[in-house]
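The file work_14.cif comes next; it holds mmCIF, C-alpha atoms.
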data_my_file
#
loop_
_atom_site.group_PDB
_atom_site.id
_atom_site.type_symbol
_atom_site.label_atom_id
_atom_site.label_comp_id
_atom_site.auth_asym_id
_atom_site.auth_seq_id
_atom_site.Cartn_x
_atom_site.Cartn_y
_atom_site.Cartn_z
ATOM 1 C CA MET A 1 -28.452 -7.022 7.681
ATOM 2 C CA ASN A 2 -30.847 -9.938 7.778
ATOM 3 C CA ARG A 3 -30.232 -13.379 6.359
ATOM 4 C CA ASP A 4 -32.503 -12.879 3.361
ATOM 5 C CA SER A 5 -30.624 -9.794 2.167
ATOM 6 C CA THR A 6 -27.305 -11.642 2.489
ATOM 7 C CA ILE A 7 -28.634 -14.483 0.351
ATOM 8 C CA ASP A 8 -29.840 -11.900 -2.157
ATOM 9 C CA PHE A 9 -26.335 -10.465 -2.442
ATOM 10 C CA GLU A 10 -24.868 -13.937 -2.934
ATOM 11 C CA GLU A 11 -27.163 -14.360 -5.908
ATOM 12 C CA ARG A 12 -26.696 -10.879 -7.353
ATOM 13 C CA LEU A 13 -22.958 -10.322 -7.004
ATOM 14 C CA SER A 14 -20.267 -11.832 -9.194
ATOM 15 C CA GLU A 15 -16.941 -13.101 -7.906
ATOM 16 C CA ARG A 16 -15.377 -9.924 -9.291
ATOM 17 C CA ASP A 17 -17.839 -7.826 -7.293
ATOM 18 C CA TRP A 18 -16.774 -9.607 -4.102
ATOM 19 C CA LEU A 19 -13.103 -9.104 -4.982
ATOM 20 C CA ILE A 20 -13.706 -5.378 -5.480
ATOM 21 C CA LEU A 21 -15.376 -5.122 -2.081
ATOM 22 C CA SER A 22 -12.538 -7.060 -0.476
ATOM 23 C CA SER A 23 -9.900 -4.857 -2.096
ATOM 24 C CA VAL A 24 -11.600 -1.636 -1.020
ATOM 25 C CA ARG A 25 -11.883 -2.975 2.505
ATOM 26 C CA GLY A 26 -8.216 -3.977 2.548
ATOM 27 C CA PHE A 27 -6.919 -0.608 1.334
ATOM 28 C CA ARG A 28 -9.658 1.429 3.098
ATOM 29 C CA PHE A 29 -9.946 3.761 0.097
ATOM 30 C CA LEU A 30 -9.393 3.242 -3.641
ATOM 31 C CA THR A 31 -9.927 5.425 -6.691
ATOM 32 C CA THR A 32 -11.932 4.317 -9.691
ATOM 33 C CA ARG A 33 -8.730 4.116 -11.725
ATOM 34 C CA GLN A 34 -7.025 1.905 -9.173
ATOM 35 C CA ILE A 35 -10.007 -0.456 -9.174
ATOM 36 C CA ALA A 36 -10.086 -0.443 -12.976
ATOM 37 C CA ARG A 37 -6.415 -1.448 -13.095
ATOM 38 C CA GLN A 38 -6.980 -4.318 -10.687
ATOM 39 C CA PHE A 39 -10.159 -5.811 -12.066
ATOM 40 C CA PHE A 40 -10.992 -4.397 -15.498
ATOM 41 C CA GLY A 41 -7.734 -4.708 -17.415
ATOM 42 C CA GLN A 42 -6.896 -1.023 -17.657
ATOM 43 C CA ALA A 43 -3.194 -0.846 -18.470
ATOM 44 C CA SER A 44 -2.914 2.947 -18.693
ATOM 45 C CA ARG A 45 -3.038 5.117 -15.590
ATOM 46 C CA GLN A 46 -4.302 8.097 -17.594
ATOM 47 C CA GLY A 47 -6.410 6.672 -20.426
ATOM 48 C CA PRO A 48 -10.189 6.411 -20.681
ATOM 49 C CA LEU A 49 -11.854 4.255 -18.052
ATOM 50 C CA PRO A 50 -13.462 1.000 -19.154
ATOM 51 C CA ARG A 51 -17.218 1.501 -19.223
ATOM 52 C CA SER A 52 -17.600 -1.822 -17.411
ATOM 53 C CA ALA A 53 -15.677 -0.447 -14.422
ATOM 54 C CA ASN A 54 -17.940 2.570 -14.059
ATOM 55 C CA LEU A 55 -21.059 0.439 -14.435
ATOM 56 C CA ALA A 56 -19.909 -2.069 -11.823
ATOM 57 C CA LEU A 57 -19.041 0.614 -9.265
ATOM 58 C CA VAL A 58 -22.284 2.507 -9.798
ATOM 59 C CA ARG A 59 -24.167 -0.764 -9.321
ATOM 60 C CA LEU A 60 -22.337 -1.528 -6.071
ATOM 61 C CA ARG A 61 -23.131 1.995 -4.909
ATOM 62 C CA GLU A 62 -26.805 1.587 -5.769
ATOM 63 C CA LEU A 63 -26.853 -1.641 -3.763
ATOM 64 C CA GLY A 64 -25.515 0.289 -0.806
ATOM 65 C CA LEU A 65 -22.259 -1.675 -0.624
ATOM 66 C CA LEU A 66 -19.840 1.059 -1.722
ATOM 67 C CA ALA A 67 -19.932 4.833 -1.351
ATOM 68 C CA ASN A 68 -17.809 7.505 -2.982
ATOM 69 C CA LEU A 69 -16.323 10.419 -1.076
ATOM 70 C CA GLU A 70 -17.425 13.949 -1.826
ATOM 71 C CA ARG A 71 -13.812 14.821 -2.625
ATOM 72 C CA ARG A 72 -12.432 13.724 -5.994
ATOM 73 C CA ILE A 73 -8.787 13.187 -6.837
ATOM 74 C CA GLY A 74 -8.001 15.795 -9.473
ATOM 75 C CA GLY A 75 -11.169 17.762 -8.776
ATOM 76 C CA VAL A 76 -14.437 17.732 -10.709
ATOM 77 C CA ARG A 77 -12.616 17.746 -14.062
ATOM 78 C CA ALA A 78 -11.235 14.284 -13.243
ATOM 79 C CA GLY A 79 -14.709 12.873 -13.851
ATOM 80 C CA SER A 80 -15.565 9.424 -12.566
ATOM 81 C CA GLY A 81 -11.883 8.485 -12.605
ATOM 82 C CA GLY A 82 -11.375 10.792 -9.644
ATOM 83 C CA PHE A 83 -13.967 9.113 -7.433
ATOM 84 C CA VAL A 84 -12.627 7.650 -4.198
ATOM 85 C CA TRP A 85 -14.521 4.643 -2.889
ATOM 86 C CA GLN A 86 -14.991 3.211 0.572
ATOM 87 C CA LEU A 87 -16.921 0.230 1.901
ATOM 88 C CA THR A 88 -20.225 0.977 3.608
ATOM 89 C CA GLU A 89 -21.346 -0.722 6.792
ATOM 90 C CA ARG A 90 -23.764 -2.761 4.696
ATOM 91 C CA GLY A 91 -20.944 -3.756 2.368
ATOM 92 C CA ASP A 92 -18.712 -4.697 5.286
ATOM 93 C CA ARG A 93 -21.358 -6.984 6.768
ATOM 94 C CA ALA A 94 -22.178 -8.555 3.396
ATOM 95 C CA LEU A 95 -18.500 -9.243 2.718
ATOM 96 C CA ALA A 96 -17.977 -10.739 6.176
ATOM 97 C CA SER A 97 -20.951 -13.057 5.618
ATOM 98 C CA HIS A 98 -19.665 -14.032 2.166
ATOM 99 C CA LEU A 99 -16.235 -14.865 3.580
ATOM 100 C CA GLY A 100 -17.622 -16.710 6.591
ATOM 101 C CA GLN A 101 -16.193 -14.173 9.027
ATOM 102 C CA ALA A 102 -17.628 -13.064 12.336
ATOM 103 C CA ARG A 103 -20.171 -10.274 12.200
ATOM 104 C CA PRO A 104 -18.073 -7.078 12.159
ATOM 105 C CA ALA A 105 -18.488 -4.240 14.622
ATOM 106 C CA ARG A 106 -20.431 -1.218 13.478
ATOM 107 C CA MET A 107 -18.308 0.989 11.290
ATOM 108 C CA ARG A 108 -18.565 4.741 10.959
ATOM 109 C CA MET A 109 -18.108 6.154 7.492
ATOM 110 C CA HIS A 110 -16.305 9.461 7.310
ATOM 111 C CA GLU A 111 -14.603 11.898 4.978
ATOM 112 C CA PRO A 112 -10.889 11.508 5.781
ATOM 113 C CA GLY A 113 -8.470 14.403 5.970
ATOM 114 C CA THR A 114 -6.565 15.312 2.818
ATOM 115 C CA SER A 115 -3.153 14.159 4.098
ATOM 116 C CA PHE A 116 -4.468 10.856 5.418
ATOM 117 C CA LEU A 117 -6.320 10.115 2.188
ATOM 118 C CA ASP A 118 -3.327 11.015 0.032
ATOM 119 C CA HIS A 119 -1.067 8.750 2.085
ATOM 120 C CA THR A 120 -3.561 5.867 2.072
ATOM 121 C CA LEU A 121 -4.036 6.033 -1.702
ATOM 122 C CA ALA A 122 -0.250 6.244 -2.190
ATOM 123 C CA ILE A 123 0.208 3.057 -0.147
ATOM 124 C CA ALA A 124 -2.396 1.367 -2.344
ATOM 125 C CA GLU A 125 -0.535 2.623 -5.425
ATOM 126 C CA VAL A 126 2.697 0.996 -4.266
ATOM 127 C CA VAL A 127 0.963 -2.348 -3.758
ATOM 128 C CA LEU A 128 -0.812 -2.116 -7.124
ATOM 129 C CA THR A 129 2.494 -1.332 -8.823
ATOM 130 C CA LEU A 130 4.069 -4.423 -7.258
ATOM 131 C CA GLN A 131 1.087 -6.520 -8.314
ATOM 132 C CA GLU A 132 1.403 -5.253 -11.886
ATOM 133 C CA VAL A 133 5.123 -6.031 -11.963
ATOM 134 C CA ALA A 134 4.328 -9.510 -10.654
ATOM 135 C CA SER A 135 1.649 -10.027 -13.310
ATOM 136 C CA SER A 136 4.241 -9.241 -15.987
ATOM 137 C CA GLY A 137 6.255 -12.250 -14.807
ATOM 138 C CA ARG A 138 9.347 -10.250 -13.851
ATOM 139 C CA ILE A 139 8.920 -11.011 -10.151
ATOM 140 C CA ALA A 140 6.665 -13.027 -7.892
ATOM 141 C CA LEU A 141 4.937 -11.214 -5.055
ATOM 142 C CA SER A 142 4.812 -13.941 -2.443
ATOM 143 C CA LYS A 143 3.620 -11.929 0.558
ATOM 144 C CA THR A 144 2.091 -8.537 1.285
ATOM 145 C CA GLU A 145 1.558 -7.382 4.858
ATOM 146 C CA PRO A 146 -0.434 -4.146 5.238
ATOM 147 C CA GLU A 147 -0.543 -2.199 8.466
ATOM 148 C CA PRO A 148 -1.042 -3.097 11.277
ATOM 149 C CA ASP A 149 0.034 -6.676 10.369
ATOM 150 C CA CYS A 150 3.471 -5.398 9.324
ATOM 151 C CA TRP A 151 4.109 -3.512 12.569
ATOM 152 C CA ARG A 152 6.833 -4.859 14.837
ATOM 153 C CA ASN A 153 7.000 -4.594 18.639
ATOM 154 C CA TYR A 154 10.327 -4.602 20.467
ATOM 155 C CA LEU A 155 11.814 -3.535 23.782
ATOM 156 C CA GLY A 156 13.443 -0.134 23.969
ATOM 157 C CA PRO A 157 16.569 0.830 25.914
ATOM 158 C CA SER A 158 14.585 1.172 29.160
ATOM 159 C CA GLY A 159 12.605 -2.019 28.696
ATOM 160 C CA GLU A 160 9.558 -0.221 27.340
ATOM 161 C CA THR A 161 7.563 -1.680 24.443
ATOM 162 C CA ILE A 162 8.079 0.257 21.220
ATOM 163 C CA THR A 163 6.247 -0.300 17.949
ATOM 164 C CA LEU A 164 7.960 0.129 14.594
ATOM 165 C CA LYS A 165 5.279 0.995 12.040
ATOM 166 C CA PRO A 166 6.198 0.401 8.382
ATOM 167 C CA ASP A 167 3.475 1.232 5.874
ATOM 168 C CA ILE A 168 3.848 -2.158 4.148
ATOM 169 C CA ALA A 169 6.027 -5.250 4.365
ATOM 170 C CA VAL A 170 6.417 -7.363 1.234
ATOM 171 C CA VAL A 171 8.340 -10.381 0.013
ATOM 172 C CA THR A 172 9.293 -10.630 -3.653
ATOM 173 C CA VAL A 173 11.046 -13.362 -5.614
ATOM 174 C CA SER A 174 13.230 -12.558 -8.632
ATOM 175 C CA SER A 175 15.721 -14.781 -10.469
ATOM 176 C CA GLY A 176 15.387 -17.359 -7.725
ATOM 177 C CA PHE A 177 16.224 -14.882 -4.946
ATOM 178 C CA GLU A 178 13.763 -13.977 -2.206
ATOM 179 C CA ASP A 179 13.849 -10.331 -1.103
ATOM 180 C CA HIS A 180 12.184 -8.916 2.008
ATOM 181 C CA TRP A 181 11.201 -5.246 2.151
ATOM 182 C CA PHE A 182 9.848 -2.743 4.655
ATOM 183 C CA ILE A 183 8.279 0.096 2.662
ATOM 184 C CA GLU A 184 7.696 3.632 3.897
ATOM 185 C CA VAL A 185 5.480 5.761 1.660
ATOM 186 C CA ASP A 186 6.668 9.369 1.877
ATOM 187 C CA ARG A 187 4.514 12.175 0.479
ATOM 188 C CA SER A 188 7.077 14.967 0.904
ATOM 189 C CA THR A 189 5.005 16.471 3.716
ATOM 190 C CA GLU A 190 7.412 15.739 6.574
ATOM 191 C CA PRO A 191 10.786 17.428 7.184
ATOM 192 C CA PRO A 192 13.815 15.218 6.407
ATOM 193 C CA SER A 193 14.650 15.214 10.124
ATOM 194 C CA ARG A 194 11.590 13.031 10.769
ATOM 195 C CA VAL A 195 12.727 10.606 8.083
ATOM 196 C CA ILE A 196 16.119 10.413 9.813
ATOM 197 C CA ARG A 197 14.427 9.662 13.157
ATOM 198 C CA LYS A 198 12.411 6.864 11.550
ATOM 199 C CA CYS A 199 15.579 5.441 9.984
ATOM 200 C CA LEU A 200 17.235 5.441 13.394
ATOM 201 C CA GLN A 201 14.258 3.538 14.770
ATOM 202 C CA TYR A 202 14.744 0.899 12.073
ATOM 203 C CA GLN A 203 18.368 0.620 13.126
ATOM 204 C CA GLU A 204 17.294 0.307 16.755
ATOM 205 C CA TYR A 205 14.979 -2.541 15.777
ATOM 206 C CA LEU A 206 17.755 -4.107 13.683
ATOM 207 C CA ALA A 207 19.992 -4.144 16.773
ATOM 208 C CA THR A 208 17.457 -6.243 18.715
ATOM 209 C CA GLY A 209 17.956 -9.169 16.313
ATOM 210 C CA ARG A 210 14.253 -10.062 16.474
ATOM 211 C CA GLU A 211 13.669 -9.958 12.723
ATOM 212 C CA GLN A 212 16.907 -11.823 11.997
ATOM 213 C CA ASP A 213 15.927 -14.581 14.452
ATOM 214 C CA ARG A 214 12.602 -14.945 12.640
ATOM 215 C CA LEU A 215 13.751 -14.637 9.030
ATOM 216 C CA GLY A 216 17.498 -15.140 9.078
ATOM 217 C CA LEU A 217 17.904 -11.621 7.648
ATOM 218 C CA PHE A 218 16.721 -8.045 8.039
ATOM 219 C CA PRO A 219 14.498 -6.587 5.294
ATOM 220 C CA ALA A 220 15.737 -3.726 3.151
ATOM 221 C CA VAL A 221 13.985 -0.468 4.026
ATOM 222 C CA VAL A 222 12.536 1.465 1.088
ATOM 223 C CA TRP A 223 11.416 5.081 1.117
ATOM 224 C CA ALA A 224 8.965 5.476 -1.774
ATOM 225 C CA VAL A 225 8.865 9.194 -2.599
ATOM 226 C CA PRO A 226 6.729 11.159 -5.087
ATOM 227 C CA ASN A 227 9.416 12.783 -7.247
ATOM 228 C CA GLU A 228 13.101 13.216 -8.049
ATOM 229 C CA ARG A 229 13.399 16.392 -6.003
ATOM 230 C CA ARG A 230 12.320 14.601 -2.842
ATOM 231 C CA ARG A 231 14.536 11.638 -3.656
ATOM 232 C CA GLY A 232 17.576 13.875 -3.975
ATOM 233 C CA GLN A 233 16.718 15.652 -0.739
ATOM 234 C CA LEU A 234 16.427 12.443 1.283
ATOM 235 C CA VAL A 235 19.426 10.728 -0.325
ATOM 236 C CA GLN A 236 21.607 13.708 0.564
ATOM 237 C CA ARG A 237 20.381 13.831 4.161
ATOM 238 C CA LEU A 238 20.966 10.114 4.644
ATOM 239 C CA LEU A 239 24.447 10.352 3.136
ATOM 240 C CA VAL A 240 25.655 13.179 5.359
ATOM 241 C CA ASP A 241 24.238 11.753 8.597
ATOM 242 C CA GLY A 242 27.025 9.671 10.120
ATOM 243 C CA SER A 243 24.601 7.730 12.317
ATOM 244 C CA ILE A 244 22.809 6.161 9.342
ATOM 245 C CA ASP A 245 23.775 2.722 8.028
ATOM 246 C CA GLN A 246 23.735 3.405 4.278
ATOM 247 C CA ARG A 247 23.354 -0.278 3.401
ATOM 248 C CA LEU A 248 19.915 -0.491 4.982
ATOM 249 C CA PHE A 249 17.964 2.228 3.148
ATOM 250 C CA THR A 250 16.912 2.870 -0.442
ATOM 251 C CA VAL A 251 14.995 5.896 -1.743
ATOM 252 C CA VAL A 252 12.959 5.461 -4.932
ATOM 253 C CA THR A 253 10.526 7.401 -7.087
ATOM 254 C CA PRO A 254 7.412 5.655 -8.470
ATOM 255 C CA GLY A 255 9.199 4.832 -11.723
ATOM 256 C CA GLU A 256 12.151 3.284 -9.901
ATOM 257 C CA LEU A 257 10.196 0.934 -7.641
ATOM 258 C CA GLU A 258 9.750 -1.635 -10.398
ATOM 259 C CA GLU A 259 13.486 -1.714 -11.135
ATOM 260 C CA LEU A 260 14.348 -2.001 -7.441
ATOM 261 C CA VAL A 261 12.270 -5.098 -6.792
ATOM 262 C CA ASP A 262 13.373 -6.574 -10.111
ATOM 263 C CA VAL A 263 17.159 -6.283 -9.604
ATOM 264 C CA GLY A 264 17.475 -5.987 -5.812
ATOM 265 C CA ALA A 265 18.825 -3.219 -3.599
ATOM 266 C CA VAL A 266 22.548 -3.841 -4.138
ATOM 267 C CA GLU A 267 22.333 -3.774 -7.947
ATOM 268 C CA PHE A 268 19.938 -0.826 -7.835
ATOM 269 C CA HIS A 269 22.443 1.245 -5.833
ATOM 270 C CA ARG A 270 25.237 0.278 -8.239
ATOM 271 C CA ARG A 271 23.234 1.410 -11.237
ATOM 272 C CA ARG A 272 22.237 4.675 -9.596
ATOM 273 C CA GLY A 273 25.759 5.453 -8.478
ATOM 274 C CA ASP A 274 24.762 6.537 -5.002
ATOM 275 C CA THR A 275 25.235 4.839 -1.675
ATOM 276 C CA THR A 276 21.597 5.118 -0.713
#
Can the structure in the file be given as structure tokens, please?
Amino acid sequence: MNRDSTIDFEERLSERDWLILSSVRGFRFLTTRQIARQFFGQASRQGPLPRSANLALVRLRELGLLANLERRIGGVRAGSGGFVWQLTERGDRALASHLGQARPARMRMHEPGTSFLDHTLAIAEVVLTLQEVASSGRIALSKTEPEPDCWRNYLGPSGETITLKPDIAVVTVSSGFEDHWFIEVDRSTEPPSRVIRKCLQYQEYLATGREQDRLGLFPAVVWAVPNERRRGQLVQRLLVDGSIDQRLFTVVTPGELEELVDVGAVEFHRRRGDTT
């Protein structure tokens, strides 16, 4: 992109346009509805889309800054609300110039696999939910670390470097208390045995003391699952596995995430009547 075209974008794009581009870059993929909730005041996750949201996204597409995937969430009947957006190479370079960042490497746009896309959009949904809870005044969202910033390296039993890879790390503040969370977004596609192995890796990292030395505590680990059936499945597996430290892990459905960050893990477990 030459200098003149960058200047042209600075003149033609609003601050909201730049924020949309930045958000899409940060999450990698976002649906029209997710963008509408962030920037166009849409409170409902199912209601009609604001016309202004559709117009803005179409305009950014016509400028070559955003592109929508061929696949739609919910199929063709979902309409424009099912569009999934990604940043184009042109959009990436324009955003880097706007933010005063180094010229980014060439990026290759692609149609992601179904599982990867579903997981990526679910991670974005968790963050958007936390942002909406924060905007209501119930909590403050003081820090959000996406991957790979939230990944943690540590030495394994044989001295090898191992990387723990949460999907997100966040810090929330409620009633004067600061809570730290590692969040794993589960889409019910993996067998519970893999969840157990990941939990054991968290416990292995806990035993190193690295996070406690840095923060003075170890974050609570949250498994965000899609439905009650999956929650019950994972809670039961964690309860019966004697190698799992029940105090460390919490399993929540989308509707329970708000309550968890509002009241904290200990109170959440008390209200639910389960150990996990």
Spatial neighbours of A:Leu49, 8 Å, all atoms listed in the file, chain gap at least 2 places, as a list in words: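 Selected residues are Arg33, Ala36, Gln42, Gly47, Arg51, Ala53, Asn54 and Gly81 of chain A.
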Distance of atom CA of A:Thr129 from atom CA of A:Phe39, expressed in Å to one decimal place: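 Distance reported for this atom pair: 13.8 Å.
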Separation of atom CA of A:Lys143 from atom CA of A:Ser97 in Å: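 Distance reported for this atom pair: 25.1 Å.
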Spatial sel., origin (-6.0, -0.9, 0.5), limit 10 Å, only C-alpha atoms, listed as an MDAnalysis selection string: chainID A and resid 22:30 86 120:125 127:128 146:147
Expansion of the PyMOL selection byres ((chain A and resi 167-179) around 7) into residues, as a list in words: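 For this structure, the PyMOL selection byres ((chain A and resi 167-179) around 7) resolves to Arg138, Ile139, Ala140, Leu141, Ser142, Lys143, Thr144, Glu145, Pro146, Glu147, Cys150, Lys165, Pro166, His180, Trp181, Phe182, Ile183, Glu184, Val185 and Asp262 of chain A.
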Since we have the selection now, will you write its residues out, keeping C-alpha atoms, as a PDB file, in the coordinates of the input?
ATOM      1  CA  ARG A 138       9.347 -10.250 -13.851  1.00  0.00           C
ATOM      2  CA  ILE A 139       8.920 -11.011 -10.151  1.00  0.00           C
ATOM      3  CA  ALA A 140       6.665 -13.027  -7.892  1.00  0.00           C
ATOM      4  CA  LEU A 141       4.937 -11.214  -5.055  1.00  0.00           C
ATOM      5  CA  SER A 142       4.812 -13.941  -2.443  1.00  0.00           C
ATOM      6  CA  LYS A 143       3.620 -11.929   0.558  1.00  0.00           C
ATOM      7  CA  THR A 144       2.091  -8.537   1.285  1.00  0.00           C
ATOM      8  CA  GLU A 145       1.558  -7.382   4.858  1.00  0.00           C
ATOM      9  CA  PRO A 146      -0.434  -4.146   5.238  1.00  0.00           C
ATOM     10  CA  GLU A 147      -0.543  -2.199   8.466  1.00  0.00           C
ATOM     11  CA  CYS A 150       3.471  -5.398   9.324  1.00  0.00           C
ATOM     12  CA  LYS A 165       5.279   0.995  12.040  1.00  0.00           C
ATOM     13  CA  PRO A 166       6.198   0.401   8.382  1.00  0.00           C
ATOM     14  CA  HIS A 180      12.184  -8.916   2.008  1.00  0.00           C
ATOM     15  CA  TRP A 181      11.201  -5.246   2.151  1.00  0.00           C
ATOM     16  CA  PHE A 182       9.848  -2.743   4.655  1.00  0.00           C
ATOM     17  CA  ILE A 183       8.279   0.096   2.662  1.00  0.00           C
ATOM     18  CA  GLU A 184       7.696   3.632   3.897  1.00  0.00           C
ATOM     19  CA  VAL A 185       5.480   5.761   1.660  1.00  0.00           C
ATOM     20  CA  ASP A 262      13.373  -6.574 -10.111  1.00  0.00           C
TER      21      ASP A 262
END
Shortest interatomic distance to A:Gln246 - which of A:Leu155, A:Leu260, A:Leu215, A:Leu200, counting only C-alpha atoms: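 Counting only C-alpha atoms, the residue closest to A:Gln246 is A:Leu200.
Reported to one decimal place, the separation of atom CA of A:Leu66 from atom CA of A:Trp85 is 6.5 Å.
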Non-local contacts of stretch 229-240 of chain A (12 Å; all atoms listed in the file; under 2 positions in same chain excluded) as a ChimeraX atom specification: /A:186-200,222-227,242-256,269,272-276
Selection export as a PDB file, keeping the file's coordinate frame, atoms kept: C-alpha atoms:
ATOM      1  CA  ASP A 186       6.668   9.369   1.877  1.00  0.00           C
ATOM      2  CA  ARG A 187       4.514  12.175   0.479  1.00  0.00           C
ATOM      3  CA  SER A 188       7.077  14.967   0.904  1.00  0.00           C
ATOM      4  CA  THR A 189       5.005  16.471   3.716  1.00  0.00           C
ATOM      5  CA  GLU A 190       7.412  15.739   6.574  1.00  0.00           C
ATOM      6  CA  PRO A 191      10.786  17.428   7.184  1.00  0.00           C
ATOM      7  CA  PRO A 192      13.815  15.218   6.407  1.00  0.00           C
ATOM      8  CA  SER A 193      14.650  15.214  10.124  1.00  0.00           C
ATOM      9  CA  ARG A 194      11.590  13.031  10.769  1.00  0.00           C
ATOM     10  CA  VAL A 195      12.727  10.606   8.083  1.00  0.00           C
ATOM     11  CA  ILE A 196      16.119  10.413   9.813  1.00  0.00           C
ATOM     12  CA  ARG A 197      14.427   9.662  13.157  1.00  0.00           C
ATOM     13  CA  LYS A 198      12.411   6.864  11.550  1.00  0.00           C
ATOM     14  CA  CYS A 199      15.579   5.441   9.984  1.00  0.00           C
ATOM     15  CA  LEU A 200      17.235   5.441  13.394  1.00  0.00           C
ATOM     16  CA  VAL A 222      12.536   1.465   1.088  1.00  0.00           C
ATOM     17  CA  TRP A 223      11.416   5.081   1.117  1.00  0.00           C
ATOM     18  CA  ALA A 224       8.965   5.476  -1.774  1.00  0.00           C
ATOM     19  CA  VAL A 225       8.865   9.194  -2.599  1.00  0.00           C
ATOM     20  CA  PRO A 226       6.729  11.159  -5.087  1.00  0.00           C
ATOM     21  CA  ASN A 227       9.416  12.783  -7.247  1.00  0.00           C
ATOM     22  CA  GLY A 242      27.025   9.671  10.120  1.00  0.00           C
ATOM     23  CA  SER A 243      24.601   7.730  12.317  1.00  0.00           C
ATOM     24  CA  ILE A 244      22.809   6.161   9.342  1.00  0.00           C
ATOM     25  CA  ASP A 245      23.775   2.722   8.028  1.00  0.00           C
ATOM     26  CA  GLN A 246      23.735   3.405   4.278  1.00  0.00           C
ATOM     27  CA  ARG A 247      23.354  -0.278   3.401  1.00  0.00           C
ATOM     28  CA  LEU A 248      19.915  -0.491   4.982  1.00  0.00           C
ATOM     29  CA  PHE A 249      17.964   2.228   3.148  1.00  0.00           C
ATOM     30  CA  THR A 250      16.912   2.870  -0.442  1.00  0.00           C
ATOM     31  CA  VAL A 251      14.995   5.896  -1.743  1.00  0.00           C
ATOM     32  CA  VAL A 252      12.959   5.461  -4.932  1.00  0.00           C
ATOM     33  CA  THR A 253      10.526   7.401  -7.087  1.00  0.00           C
ATOM     34  CA  PRO A 254       7.412   5.655  -8.470  1.00  0.00           C
ATOM     35  CA  GLY A 255       9.199   4.832 -11.723  1.00  0.00           C
ATOM     36  CA  GLU A 256      12.151   3.284  -9.901  1.00  0.00           C
ATOM     37  CA  HIS A 269      22.443   1.245  -5.833  1.00  0.00           C
ATOM     38  CA  ARG A 272      22.237   4.675  -9.596  1.00  0.00           C
ATOM     39  CA  GLY A 273      25.759   5.453  -8.478  1.00  0.00           C
ATOM     40  CA  ASP A 274      24.762   6.537  -5.002  1.00  0.00           C
ATOM     41  CA  THR A 275      25.235   4.839  -1.675  1.00  0.00           C
ATOM     42  CA  THR A 276      21.597   5.118  -0.713  1.00  0.00           C
TER      43      THR A 276
END
Matched chain/residue IDs from the PyMOL selection byres ((chain A and resi 13) around 12), as a PDB file with C-alpha atoms, in the coordinates of the input:
ATOM      1  CA  SER A   5     -30.624  -9.794   2.167  1.00  0.00           C
ATOM      2  CA  THR A   6     -27.305 -11.642   2.489  1.00  0.00           C
ATOM      3  CA  ILE A   7     -28.634 -14.483   0.351  1.00  0.00           C
ATOM      4  CA  ASP A   8     -29.840 -11.900  -2.157  1.00  0.00           C
ATOM      5  CA  PHE A   9     -26.335 -10.465  -2.442  1.00  0.00           C
ATOM      6  CA  GLU A  10     -24.868 -13.937  -2.934  1.00  0.00           C
ATOM      7  CA  GLU A  11     -27.163 -14.360  -5.908  1.00  0.00           C
ATOM      8  CA  ARG A  12     -26.696 -10.879  -7.353  1.00  0.00           C
ATOM      9  CA  SER A  14     -20.267 -11.832  -9.194  1.00  0.00           C
ATOM     10  CA  GLU A  15     -16.941 -13.101  -7.906  1.00  0.00           C
ATOM     11  CA  ARG A  16     -15.377  -9.924  -9.291  1.00  0.00           C
ATOM     12  CA  ASP A  17     -17.839  -7.826  -7.293  1.00  0.00           C
ATOM     13  CA  TRP A  18     -16.774  -9.607  -4.102  1.00  0.00           C
ATOM     14  CA  LEU A  19     -13.103  -9.104  -4.982  1.00  0.00           C
ATOM     15  CA  ILE A  20     -13.706  -5.378  -5.480  1.00  0.00           C
ATOM     16  CA  LEU A  21     -15.376  -5.122  -2.081  1.00  0.00           C
ATOM     17  CA  ALA A  56     -19.909  -2.069 -11.823  1.00  0.00           C
ATOM     18  CA  LEU A  57     -19.041   0.614  -9.265  1.00  0.00           C
ATOM     19  CA  ARG A  59     -24.167  -0.764  -9.321  1.00  0.00           C
ATOM     20  CA  LEU A  60     -22.337  -1.528  -6.071  1.00  0.00           C
ATOM     21  CA  LEU A  63     -26.853  -1.641  -3.763  1.00  0.00           C
ATOM     22  CA  LEU A  65     -22.259  -1.675  -0.624  1.00  0.00           C
ATOM     23  CA  GLY A  91     -20.944  -3.756   2.368  1.00  0.00           C
ATOM     24  CA  ALA A  94     -22.178  -8.555   3.396  1.00  0.00           C
ATOM     25  CA  LEU A  95     -18.500  -9.243   2.718  1.00  0.00           C
ATOM     26  CA  HIS A  98     -19.665 -14.032   2.166  1.00  0.00           C
TER      27      HIS A  98
END
Which residue of A:Gln201, A:Ala96, A:Glu70, A:Asn153 approaches A:Gly113 most closely, using only C-alpha atoms: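 Using only C-alpha atoms, the shortest distance to A:Gly113 belongs to A:Glu70.
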Best match for closeness to A:Ala67 among A:Pro148, A:Arg37, A:Tyr154, A:His110, counting all atoms listed in the file: A:His110
